[in-house]
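Take a look at the structure below.
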Amino acid sequence: MSESTCLGDCTRLCVPLRGCSSYYRLSRQDSILSLGFDQIVSYWGPAASRAAPASRTPDGQAATVELRWLASFVTVAEDLHFGRAADRLHLAPSALSAQIKALESHLGVRLIDRGRRSRPRLTDAGQLFLGEARVTLAQVARAEALGRRAGRGEVGDAEIAYVASAAFSGVLTRILASCTNSSAQLTVRVRELETPAQLEALASGTIDVGFLRWRPTYPGDLTAVRLLEEEVVLALPEGHPLARLQAVPPTELRGETFVVPHFDEEHDFRDHIRQLADLGGFPPLLAPPVRDFIAALTLVGGGLGIALVPDSLRCARMPGVV
């Protein structure tokens, strides 16, 4: 390919992204916090260990256990000392005691015996409840961490589409490599798709990420990030009289037929041909549209026209094309 230094513009490769919150979704398992306390209590020994009946909301439903109650109970159970536990939790001892009482009232069972002159000790019910409380807090911590990772795009499934030239430029392979080499737990599916179809797929949610060529505007719900700028070069059939030149003036391209992929959009790669034709002072002649730049280079190699292509297409090394 002969590099055309007469073109001041360049193509740009962009990647529109959908918001993480829309395709990484974490379904919170609320049942994890609704343990079967009534059944557990029935195995907790004599009625003397029970406290007040389980607390209820105004509509008669059992109130929800608060995570801070569980955290406070576990801390007291570990220290068996309200003062030290309050210090660890940065609470006043009276506030800590109130949380433990609220938990016991909610469950309808005493979890901690508080002796006036002896250290607190767990009741049989408290011993059983301690293991479940620890499991619940650990699960909530895992769910919270997973939610944050999903929000950062580190966990889940990703549907990615790309135009072929994005693969030739190396942009796509570098990003895919970064996904596999990081701590991200992503399942990535990749497919080739032309630009208009990518925009439709992004709008419908069929794909999450699209790698496509620059365009002046994007739908309002998409975010475009510029990843690469590269020169536009001229692809000629081998043996073409202009192939011997290091730089081809636009005026020399009068009467040439340009092969270009396009889908009758308002802005596409034909804009570069129009600019070149304006510089050369001639009306552009266009061959029937092709699907992608590989098809364009194939026709160029067959002597059916010339093409303007991104510089990264040099690595395609199409036979019969210089």
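Each chain of the structure tokens is named A, B, ... in the order shown, its residues numbered from 1; ligands are numbered from 1 in display order.
The shell of residues at most 10 Å from Val259 of chain A, with only C-alpha atoms counted and near chain neighbours (fewer than 6 positions) removed, consists of Ala235, Arg270, Ile273, Leu285, Leu286, Ala287, Pro288, Pro289, Val290, Phe293, Ala295, Ala296, Leu297, Thr298, Leu299, Val300, Leu304, Gly305, Ile306, Ala307, Leu308 and Val309 of chain A.
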For the residues in the current selection, export C-alpha atoms as a PDB file, in the first residue's frame.
ATOM      1  CA  ALA A 235      -4.613   0.630  -1.610  1.00  0.00           C
ATOM      2  CA  ARG A 270     -17.098   7.612   1.999  1.00  0.00           C
ATOM      3  CA  ILE A 273     -13.283   9.756  -0.478  1.00  0.00           C
ATOM      4  CA  LEU A 285     -16.694   7.320  -8.663  1.00  0.00           C
ATOM      5  CA  LEU A 286     -17.888   4.598  -6.291  1.00  0.00           C
ATOM      6  CA  ALA A 287     -18.085   0.861  -6.906  1.00  0.00           C
ATOM      7  CA  PRO A 288     -21.048  -1.062  -5.492  1.00  0.00           C
ATOM      8  CA  PRO A 289     -20.752  -1.198  -1.677  1.00  0.00           C
ATOM      9  CA  VAL A 290     -18.978  -4.082   0.055  1.00  0.00           C
ATOM     10  CA  PHE A 293     -12.374  -3.634   4.194  1.00  0.00           C
ATOM     11  CA  ALA A 295     -13.830  -7.413   0.723  1.00  0.00           C
ATOM     12  CA  ALA A 296     -12.677  -4.010  -0.530  1.00  0.00           C
ATOM     13  CA  LEU A 297      -9.034  -5.161  -0.671  1.00  0.00           C
ATOM     14  CA  THR A 298     -10.094  -8.343  -2.463  1.00  0.00           C
ATOM     15  CA  LEU A 299     -11.690  -6.295  -5.231  1.00  0.00           C
ATOM     16  CA  VAL A 300      -8.648  -4.026  -5.375  1.00  0.00           C
ATOM     17  CA  LEU A 304     -11.715  -3.697  -9.911  1.00  0.00           C
ATOM     18  CA  GLY A 305     -10.836  -0.398  -8.259  1.00  0.00           C
ATOM     19  CA  ILE A 306      -8.759   1.332  -5.611  1.00  0.00           C
ATOM     20  CA  ALA A 307      -9.558   1.905  -1.923  1.00  0.00           C
ATOM     21  CA  LEU A 308      -8.883   4.134   1.022  1.00  0.00           C
ATOM     22  CA  VAL A 309      -8.337   1.959   4.095  1.00  0.00           C
TER      23      VAL A 309
END
*For Ser118 of chain A, work out the shell of residues within 12 Å, counting only C-alpha atoms and skipping chain neighbours fewer than 5 positions away, then give it as an MDAnalysis selection string.*
chainID A and resid 80:82 113
Show me a table, sorted first by chain and then by increasing residue number, of the residues of segment 82-165 of chain A having an atom at most 6 Å from segment 182-201 of chain A, each with its shortest atom pair and the distance in Å to one decimal, counting only C-alpha atoms and written as a tab-separated table.
residue	atom	partner	partner_atom	distance
A:Glu154	CA	A:Ala184	CA	4.4
A:Val155	CA	A:Gln185	CA	4.8
A:Gly156	CA	A:Leu186	CA	5.1
A:Asp157	CA	A:Thr187	CA	4.7
A:Ala158	CA	A:Val188	CA	4.9
A:Glu159	CA	A:Arg189	CA	5.0
A:Ile160	CA	A:Val190	CA	4.8
A:Ala161	CA	A:Arg191	CA	5.0
A:Tyr162	CA	A:Glu192	CA	5.0
A:Val163	CA	A:Glu194	CA	5.6
*List the neighbours of Ala133 of chain A out to 8 Å using only C-alpha atoms; skip same-chain residues closer than 2 positions along the sequence, and give me the result as a PyMOL selection string.*
chain A and resi 70-71+74+129-131+135-137
*Near Gly239 of chain A, counting only C-alpha atoms, which residues have an atom at most 9 Å away, once you skip same-chain residues fewer than 4 positions from it, shown as a PyMOL selection string?*
chain A and resi 243-244+320-322
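Between Glu266 of chain A and the candidates A:Leu122, A:Pro93, A:Phe168, A:Thr217, the tightest atom-to-atom separation, counting only C-alpha atoms, involves A:Thr217.
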